[in-house]
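Visitor: Next comes the structure file protein_30.txt, holding compact mmCIF, N, CA and C atoms.
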```txt
# COMPACT_ATOMS: atom_id res chain seq x y z
N MET S 1 -28.11 -47.92 -100.54
CA MET S 1 -28.02 -46.67 -99.81
C MET S 1 -26.86 -46.73 -98.83
N SER S 2 -26.15 -45.65 -98.74
CA SER S 2 -24.99 -45.57 -97.87
C SER S 2 -25.44 -45.44 -96.41
N SER S 3 -24.64 -45.97 -95.51
CA SER S 3 -24.95 -45.84 -94.09
C SER S 3 -24.30 -44.60 -93.49
N LYS S 4 -23.58 -43.84 -94.31
CA LYS S 4 -22.90 -42.64 -93.83
C LYS S 4 -23.93 -41.57 -93.47
N SER S 5 -23.81 -41.02 -92.27
CA SER S 5 -24.68 -39.94 -91.82
C SER S 5 -23.84 -38.69 -91.62
N PHE S 6 -24.17 -37.64 -92.36
CA PHE S 6 -23.41 -36.40 -92.22
C PHE S 6 -23.71 -35.71 -90.89
N LYS S 7 -24.88 -35.92 -90.34
CA LYS S 7 -25.16 -35.40 -89.00
C LYS S 7 -24.24 -36.09 -87.99
N GLN S 8 -24.08 -37.39 -88.12
CA GLN S 8 -23.21 -38.13 -87.20
C GLN S 8 -21.75 -37.76 -87.41
N ILE S 9 -21.35 -37.59 -88.66
CA ILE S 9 -19.96 -37.20 -88.95
C ILE S 9 -19.64 -35.86 -88.28
N THR S 10 -20.52 -34.87 -88.42
CA THR S 10 -20.24 -33.57 -87.82
C THR S 10 -20.26 -33.63 -86.30
N GLN S 11 -21.15 -34.44 -85.73
CA GLN S 11 -21.17 -34.60 -84.27
C GLN S 11 -19.88 -35.26 -83.78
N ASP S 12 -19.44 -36.30 -84.46
CA ASP S 12 -18.22 -36.99 -84.07
C ASP S 12 -17.00 -36.07 -84.17
N ILE S 13 -16.93 -35.29 -85.23
CA ILE S 13 -15.79 -34.37 -85.39
C ILE S 13 -15.83 -33.31 -84.31
N ASN S 14 -17.01 -32.75 -84.03
CA ASN S 14 -17.11 -31.76 -82.96
C ASN S 14 -16.62 -32.31 -81.63
N GLN S 15 -16.98 -33.56 -81.35
CA GLN S 15 -16.54 -34.19 -80.10
C GLN S 15 -15.02 -34.35 -80.08
N ALA S 16 -14.45 -34.82 -81.17
CA ALA S 16 -13.00 -35.01 -81.24
C ALA S 16 -12.27 -33.67 -81.15
N LEU S 17 -12.83 -32.64 -81.80
CA LEU S 17 -12.18 -31.33 -81.75
C LEU S 17 -12.26 -30.73 -80.36
N GLY S 18 -13.32 -31.04 -79.62
CA GLY S 18 -13.41 -30.58 -78.25
C GLY S 18 -12.25 -31.10 -77.42
N ALA S 19 -11.94 -32.37 -77.61
CA ALA S 19 -10.80 -32.97 -76.90
C ALA S 19 -9.48 -32.37 -77.39
N PHE S 20 -9.38 -32.14 -78.70
CA PHE S 20 -8.16 -31.55 -79.27
C PHE S 20 -7.95 -30.14 -78.73
N HIS S 21 -9.05 -29.41 -78.54
CA HIS S 21 -8.97 -28.03 -78.05
C HIS S 21 -8.29 -27.95 -76.70
N LYS S 22 -8.50 -28.97 -75.85
CA LYS S 22 -7.88 -28.97 -74.52
C LYS S 22 -6.37 -28.96 -74.59
N GLY S 23 -5.80 -29.64 -75.58
CA GLY S 23 -4.35 -29.70 -75.70
C GLY S 23 -3.78 -28.72 -76.69
N ALA S 24 -4.62 -28.10 -77.49
CA ALA S 24 -4.13 -27.19 -78.53
C ALA S 24 -5.01 -25.94 -78.59
N GLY S 25 -5.28 -25.38 -77.44
CA GLY S 25 -6.19 -24.24 -77.35
C GLY S 25 -5.78 -23.05 -78.19
N GLY S 26 -4.50 -22.74 -78.20
CA GLY S 26 -4.02 -21.60 -78.98
C GLY S 26 -4.24 -21.80 -80.47
N THR S 27 -3.92 -22.98 -80.93
CA THR S 27 -4.11 -23.29 -82.35
C THR S 27 -5.58 -23.25 -82.71
N MET S 28 -6.42 -23.84 -81.88
CA MET S 28 -7.86 -23.86 -82.15
C MET S 28 -8.44 -22.45 -82.11
N ALA S 29 -7.99 -21.62 -81.18
CA ALA S 29 -8.47 -20.24 -81.11
C ALA S 29 -8.05 -19.47 -82.36
N GLY S 30 -6.82 -19.69 -82.80
CA GLY S 30 -6.34 -19.04 -84.01
C GLY S 30 -7.11 -19.48 -85.24
N PHE S 31 -7.37 -20.79 -85.33
CA PHE S 31 -8.14 -21.30 -86.47
C PHE S 31 -9.56 -20.75 -86.45
N GLY S 32 -10.16 -20.70 -85.27
CA GLY S 32 -11.51 -20.16 -85.14
C GLY S 32 -11.58 -18.69 -85.55
N ALA S 33 -10.57 -17.91 -85.16
CA ALA S 33 -10.53 -16.50 -85.53
C ALA S 33 -10.36 -16.35 -87.04
N MET S 34 -9.52 -17.18 -87.63
CA MET S 34 -9.31 -17.14 -89.08
C MET S 34 -10.61 -17.50 -89.81
N ALA S 35 -11.29 -18.54 -89.35
CA ALA S 35 -12.54 -18.97 -89.98
C ALA S 35 -13.58 -17.86 -89.88
N LYS S 36 -13.70 -17.24 -88.71
CA LYS S 36 -14.69 -16.18 -88.52
C LYS S 36 -14.40 -15.00 -89.46
N ALA S 37 -13.15 -14.62 -89.57
CA ALA S 37 -12.78 -13.50 -90.45
C ALA S 37 -12.99 -13.86 -91.91
N ALA S 38 -12.61 -15.07 -92.30
CA ALA S 38 -12.72 -15.48 -93.70
C ALA S 38 -14.17 -15.60 -94.14
N MET S 39 -15.05 -16.03 -93.25
CA MET S 39 -16.44 -16.28 -93.62
C MET S 39 -17.36 -15.09 -93.38
N ALA S 40 -16.83 -14.02 -92.81
CA ALA S 40 -17.66 -12.83 -92.56
C ALA S 40 -18.10 -12.23 -93.89
N PRO S 41 -19.34 -11.78 -93.95
CA PRO S 41 -19.82 -11.15 -95.19
C PRO S 41 -18.98 -9.92 -95.54
N GLY S 42 -18.72 -9.77 -96.80
CA GLY S 42 -17.99 -8.61 -97.33
C GLY S 42 -18.52 -8.37 -98.73
N VAL S 43 -17.63 -8.29 -99.69
CA VAL S 43 -18.05 -8.20 -101.08
C VAL S 43 -18.82 -9.46 -101.46
N LEU S 44 -18.36 -10.60 -100.94
CA LEU S 44 -19.08 -11.86 -101.09
C LEU S 44 -19.94 -12.08 -99.86
N SER S 45 -21.12 -12.63 -100.06
CA SER S 45 -22.00 -12.93 -98.93
C SER S 45 -21.50 -14.16 -98.19
N GLU S 46 -22.03 -14.37 -97.00
CA GLU S 46 -21.71 -15.58 -96.24
C GLU S 46 -22.12 -16.82 -97.03
N LEU S 47 -23.26 -16.74 -97.71
CA LEU S 47 -23.72 -17.86 -98.54
C LEU S 47 -22.72 -18.15 -99.65
N ASP S 48 -22.26 -17.11 -100.35
CA ASP S 48 -21.27 -17.31 -101.41
C ASP S 48 -20.01 -17.98 -100.88
N LYS S 49 -19.56 -17.53 -99.72
CA LYS S 49 -18.34 -18.08 -99.14
C LYS S 49 -18.53 -19.53 -98.72
N GLU S 50 -19.70 -19.87 -98.21
CA GLU S 50 -19.98 -21.27 -97.85
C GLU S 50 -20.04 -22.15 -99.10
N LEU S 51 -20.57 -21.62 -100.20
CA LEU S 51 -20.58 -22.39 -101.45
C LEU S 51 -19.15 -22.65 -101.93
N ILE S 52 -18.29 -21.66 -101.82
CA ILE S 52 -16.87 -21.85 -102.19
C ILE S 52 -16.24 -22.91 -101.30
N ALA S 53 -16.49 -22.81 -100.00
CA ALA S 53 -15.93 -23.78 -99.06
C ALA S 53 -16.41 -25.19 -99.37
N LEU S 54 -17.69 -25.32 -99.72
CA LEU S 54 -18.21 -26.64 -100.08
C LEU S 54 -17.51 -27.17 -101.32
N ALA S 55 -17.34 -26.33 -102.33
CA ALA S 55 -16.66 -26.77 -103.55
C ALA S 55 -15.26 -27.27 -103.25
N ILE S 56 -14.56 -26.57 -102.39
CA ILE S 56 -13.21 -27.01 -102.00
C ILE S 56 -13.29 -28.33 -101.24
N GLY S 57 -14.25 -28.47 -100.35
CA GLY S 57 -14.42 -29.72 -99.60
C GLY S 57 -14.72 -30.88 -100.53
N VAL S 58 -15.54 -30.66 -101.55
CA VAL S 58 -15.87 -31.72 -102.52
C VAL S 58 -14.62 -32.12 -103.29
N THR S 59 -13.87 -31.14 -103.79
CA THR S 59 -12.69 -31.48 -104.58
C THR S 59 -11.57 -32.06 -103.72
N SER S 60 -11.60 -31.76 -102.41
CA SER S 60 -10.62 -32.34 -101.48
C SER S 60 -11.07 -33.68 -100.92
N ARG S 61 -12.30 -34.07 -101.24
CA ARG S 61 -12.89 -35.34 -100.80
C ARG S 61 -12.94 -35.45 -99.27
N CYS S 62 -13.48 -34.40 -98.65
CA CYS S 62 -13.51 -34.31 -97.19
C CYS S 62 -14.95 -34.41 -96.69
N ASP S 63 -15.31 -35.55 -96.11
CA ASP S 63 -16.66 -35.75 -95.58
C ASP S 63 -17.02 -34.71 -94.52
N GLY S 64 -16.09 -34.41 -93.62
CA GLY S 64 -16.36 -33.44 -92.58
C GLY S 64 -16.62 -32.06 -93.15
N CYS S 65 -15.82 -31.66 -94.13
CA CYS S 65 -16.03 -30.36 -94.78
C CYS S 65 -17.39 -30.31 -95.44
N ILE S 66 -17.76 -31.38 -96.14
CA ILE S 66 -19.07 -31.43 -96.78
C ILE S 66 -20.17 -31.29 -95.73
N GLY S 67 -20.06 -32.05 -94.66
CA GLY S 67 -21.09 -31.99 -93.61
C GLY S 67 -21.24 -30.61 -93.01
N PHE S 68 -20.13 -30.02 -92.57
CA PHE S 68 -20.20 -28.72 -91.91
C PHE S 68 -20.67 -27.62 -92.85
N HIS S 69 -20.21 -27.62 -94.09
CA HIS S 69 -20.56 -26.54 -95.00
C HIS S 69 -21.98 -26.70 -95.56
N VAL S 70 -22.42 -27.93 -95.79
CA VAL S 70 -23.81 -28.11 -96.21
C VAL S 70 -24.74 -27.73 -95.08
N LYS S 71 -24.41 -28.10 -93.86
CA LYS S 71 -25.23 -27.71 -92.70
C LYS S 71 -25.36 -26.18 -92.64
N ALA S 72 -24.25 -25.47 -92.82
CA ALA S 72 -24.28 -24.01 -92.80
C ALA S 72 -25.09 -23.47 -93.97
N LEU S 73 -24.94 -24.08 -95.14
CA LEU S 73 -25.69 -23.63 -96.31
C LEU S 73 -27.20 -23.79 -96.12
N VAL S 74 -27.61 -24.89 -95.54
CA VAL S 74 -29.03 -25.09 -95.26
C VAL S 74 -29.52 -24.02 -94.30
N ARG S 75 -28.73 -23.73 -93.27
CA ARG S 75 -29.08 -22.68 -92.30
C ARG S 75 -29.22 -21.33 -93.01
N LEU S 76 -28.40 -21.09 -94.03
CA LEU S 76 -28.42 -19.81 -94.75
C LEU S 76 -29.47 -19.77 -95.86
N GLY S 77 -30.19 -20.88 -96.06
CA GLY S 77 -31.27 -20.90 -97.04
C GLY S 77 -30.84 -21.18 -98.47
N VAL S 78 -29.75 -21.92 -98.64
CA VAL S 78 -29.30 -22.25 -100.01
C VAL S 78 -30.42 -22.94 -100.78
N THR S 79 -30.50 -22.64 -102.05
CA THR S 79 -31.46 -23.34 -102.90
C THR S 79 -30.79 -24.55 -103.53
N ARG S 80 -31.59 -25.49 -103.95
CA ARG S 80 -31.05 -26.67 -104.63
C ARG S 80 -30.31 -26.24 -105.90
N GLU S 81 -30.81 -25.21 -106.58
CA GLU S 81 -30.18 -24.73 -107.80
C GLU S 81 -28.80 -24.13 -107.52
N GLN S 82 -28.67 -23.37 -106.43
CA GLN S 82 -27.36 -22.82 -106.06
C GLN S 82 -26.38 -23.94 -105.73
N LEU S 83 -26.87 -24.91 -104.99
CA LEU S 83 -26.05 -26.06 -104.63
C LEU S 83 -25.60 -26.81 -105.88
N ASN S 84 -26.53 -27.08 -106.78
CA ASN S 84 -26.20 -27.81 -108.01
C ASN S 84 -25.16 -27.09 -108.85
N GLU S 85 -25.30 -25.77 -109.03
CA GLU S 85 -24.33 -25.03 -109.83
C GLU S 85 -22.95 -25.06 -109.20
N THR S 86 -22.90 -24.95 -107.89
CA THR S 86 -21.62 -25.02 -107.19
C THR S 86 -20.98 -26.38 -107.40
N LEU S 87 -21.79 -27.44 -107.29
CA LEU S 87 -21.26 -28.79 -107.47
C LEU S 87 -20.83 -29.03 -108.91
N GLU S 88 -21.50 -28.41 -109.88
CA GLU S 88 -21.08 -28.53 -111.27
C GLU S 88 -19.67 -27.99 -111.47
N VAL S 89 -19.38 -26.84 -110.85
CA VAL S 89 -18.05 -26.25 -110.95
C VAL S 89 -17.03 -27.14 -110.25
N ALA S 90 -17.40 -27.67 -109.09
CA ALA S 90 -16.49 -28.56 -108.36
C ALA S 90 -16.16 -29.80 -109.18
N VAL S 91 -17.15 -30.38 -109.84
CA VAL S 91 -16.91 -31.57 -110.67
C VAL S 91 -16.04 -31.20 -111.86
N TYR S 92 -16.30 -30.06 -112.48
CA TYR S 92 -15.48 -29.59 -113.59
C TYR S 92 -14.01 -29.49 -113.17
N MET S 93 -13.77 -28.93 -112.00
CA MET S 93 -12.41 -28.71 -111.53
C MET S 93 -11.78 -29.97 -110.92
N GLY S 94 -12.60 -30.87 -110.40
CA GLY S 94 -12.06 -32.03 -109.69
C GLY S 94 -12.22 -33.37 -110.38
N GLY S 95 -12.95 -33.41 -111.49
CA GLY S 95 -13.11 -34.65 -112.24
C GLY S 95 -13.95 -35.70 -111.55
N GLY S 96 -13.70 -36.95 -111.92
CA GLY S 96 -14.49 -38.08 -111.43
C GLY S 96 -14.57 -38.20 -109.92
N PRO S 97 -13.44 -38.10 -109.20
CA PRO S 97 -13.54 -38.19 -107.74
C PRO S 97 -14.44 -37.10 -107.16
N ALA S 98 -14.40 -35.90 -107.71
CA ALA S 98 -15.26 -34.83 -107.22
C ALA S 98 -16.72 -35.15 -107.51
N LEU S 99 -16.98 -35.84 -108.62
CA LEU S 99 -18.35 -36.24 -108.95
C LEU S 99 -18.92 -37.15 -107.87
N MET S 100 -18.10 -38.07 -107.37
CA MET S 100 -18.55 -38.98 -106.31
C MET S 100 -18.87 -38.20 -105.04
N TYR S 101 -18.06 -37.20 -104.71
CA TYR S 101 -18.29 -36.41 -103.51
C TYR S 101 -19.38 -35.36 -103.71
N ALA S 102 -19.64 -34.96 -104.95
CA ALA S 102 -20.79 -34.10 -105.22
C ALA S 102 -22.07 -34.85 -104.87
N ALA S 103 -22.10 -36.13 -105.20
CA ALA S 103 -23.25 -36.95 -104.83
C ALA S 103 -23.40 -37.01 -103.32
N GLU S 104 -22.29 -37.10 -102.62
CA GLU S 104 -22.33 -37.11 -101.15
C GLU S 104 -22.84 -35.77 -100.62
N ALA S 105 -22.44 -34.67 -101.25
CA ALA S 105 -22.92 -33.36 -100.83
C ALA S 105 -24.43 -33.26 -101.00
N LEU S 106 -24.95 -33.83 -102.06
CA LEU S 106 -26.40 -33.84 -102.27
C LEU S 106 -27.10 -34.69 -101.21
N ARG S 107 -26.47 -35.80 -100.83
CA ARG S 107 -27.04 -36.62 -99.74
C ARG S 107 -27.04 -35.83 -98.44
N ALA S 108 -25.96 -35.10 -98.17
CA ALA S 108 -25.88 -34.29 -96.96
C ALA S 108 -26.96 -33.21 -96.97
N TYR S 109 -27.17 -32.61 -98.13
CA TYR S 109 -28.23 -31.60 -98.26
C TYR S 109 -29.59 -32.19 -97.90
N GLU S 110 -29.87 -33.35 -98.43
CA GLU S 110 -31.14 -34.01 -98.14
C GLU S 110 -31.27 -34.32 -96.65
N GLU S 111 -30.16 -34.75 -96.05
CA GLU S 111 -30.17 -35.09 -94.63
C GLU S 111 -30.39 -33.86 -93.75
N PHE S 112 -29.67 -32.78 -94.03
CA PHE S 112 -29.79 -31.58 -93.19
C PHE S 112 -31.05 -30.78 -93.47
N SER S 113 -31.57 -30.85 -94.69
CA SER S 113 -32.76 -30.06 -94.99
C SER S 113 -34.05 -30.83 -94.78
N GLY S 114 -33.93 -32.14 -94.59
CA GLY S 114 -35.12 -32.97 -94.40
C GLY S 114 -35.53 -32.99 -92.99
```
Show the structure stored in the file as structure tokens.
Guide:
Amino acid sequence: MSSKSFKQITQDINQALGAFHKGAGGTMAGFGAMAKAAMAPGVLSELDKELIALAIGVTSRCDGCIGFHVKALVRLGVTREQLNETLEVAVYMGGGPALMYAAEALRAYEEFSG
């Protein structure tokens, strides 16, 4: 079993970003505004957009992205079936490395939903 904790990863990143915000407030405010606009419900729901973001995080092999987006998905009530189908597409598009991170996304789901 891996010792990686997605709860700890997201806490550590939040702490580091807090410090980064002090020196790069304009950039962080701009990124926050972009994220809010991009993730706002429209033709696609917030859940759909979070699933897309997770798939990109898996194919990019980003632990922080996996942690933050799985946490949001759990908050939005994602089902295991929705998560699995999203990860299937990510593995299809990203190959073997994405398969390894799909497993990590499932671990993050278990951690945040448990």
Visitor: Where does segment 25-75 of chain S meet segment 99-102 of chain S within 8 Å, residue by residue, with the nearest atom pair and distance in Å to one decimal for each, counting all atoms listed in the file, listed by chain and rising number, as a Markdown table?
Guide:
```
| residue | atom | partner | partner_atom | distance |
| --- | --- | --- | --- | --- |
| S:Gly57 | C | S:Tyr101 | C | 7.2 |
| S:Val58 | CA | S:Tyr101 | C | 5.2 |
| S:Thr59 | N | S:Tyr101 | CA | 6.9 |
| S:Arg61 | CA | S:Tyr101 | CA | 6.1 |
| S:Cys62 | N | S:Tyr101 | CA | 7.1 |
| S:Ile66 | CA | S:Tyr101 | C | 8.0 |
```
Visitor: If I take atom CA of Pro41 of chain S and atom CA of Leu76 of chain S, how far is one from the other in Å, to one decimal?
Guide: 12.2 Å
Visitor: Compare S:Leu83, S:Gly18, S:Leu106, S:Phe112 by their minimum atom-to-atom distance to Lys71 of chain S, counting only N, CA and C atoms, and give me the closest one.
Guide: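 Selected residue with least distance to Lys71 of chain S: S:Phe112.
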Visitor: Kindly indicate which residue among S:Leu54, S:Gly23, S:Thr10, S:Phe31 lies nearest to Asn84 of chain S, using only C-alpha atoms for the distances.
Guide: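 Selected residue with least distance to Asn84 of chain S: S:Leu54.
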Visitor: Please report the interatomic distance between atom CA of Lys22 of chain S and atom CA of Lys49 of chain S in Å with one decimal.
Guide: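 These two atoms are separated by 28.9 Å.
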Visitor: Any idea what the distance is between atom C of Ala38 of chain S and atom C of Ala90 of chain S?
Guide: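 Atom C of Ala38 of chain S sits 20.8 Å away from atom C of Ala90 of chain S.
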Visitor: Box for segment 15-25 of chain S - axis-aligned, 6 Å on each of the six sides, all listed atoms - centre and size in Å to one decimal, as JSON.
Guide:
```
{"center_x": -10.4, "center_y": -29.0, "center_z": -78.2, "size_x": 25.2, "size_y": 24.0, "size_z": 19.3}
```
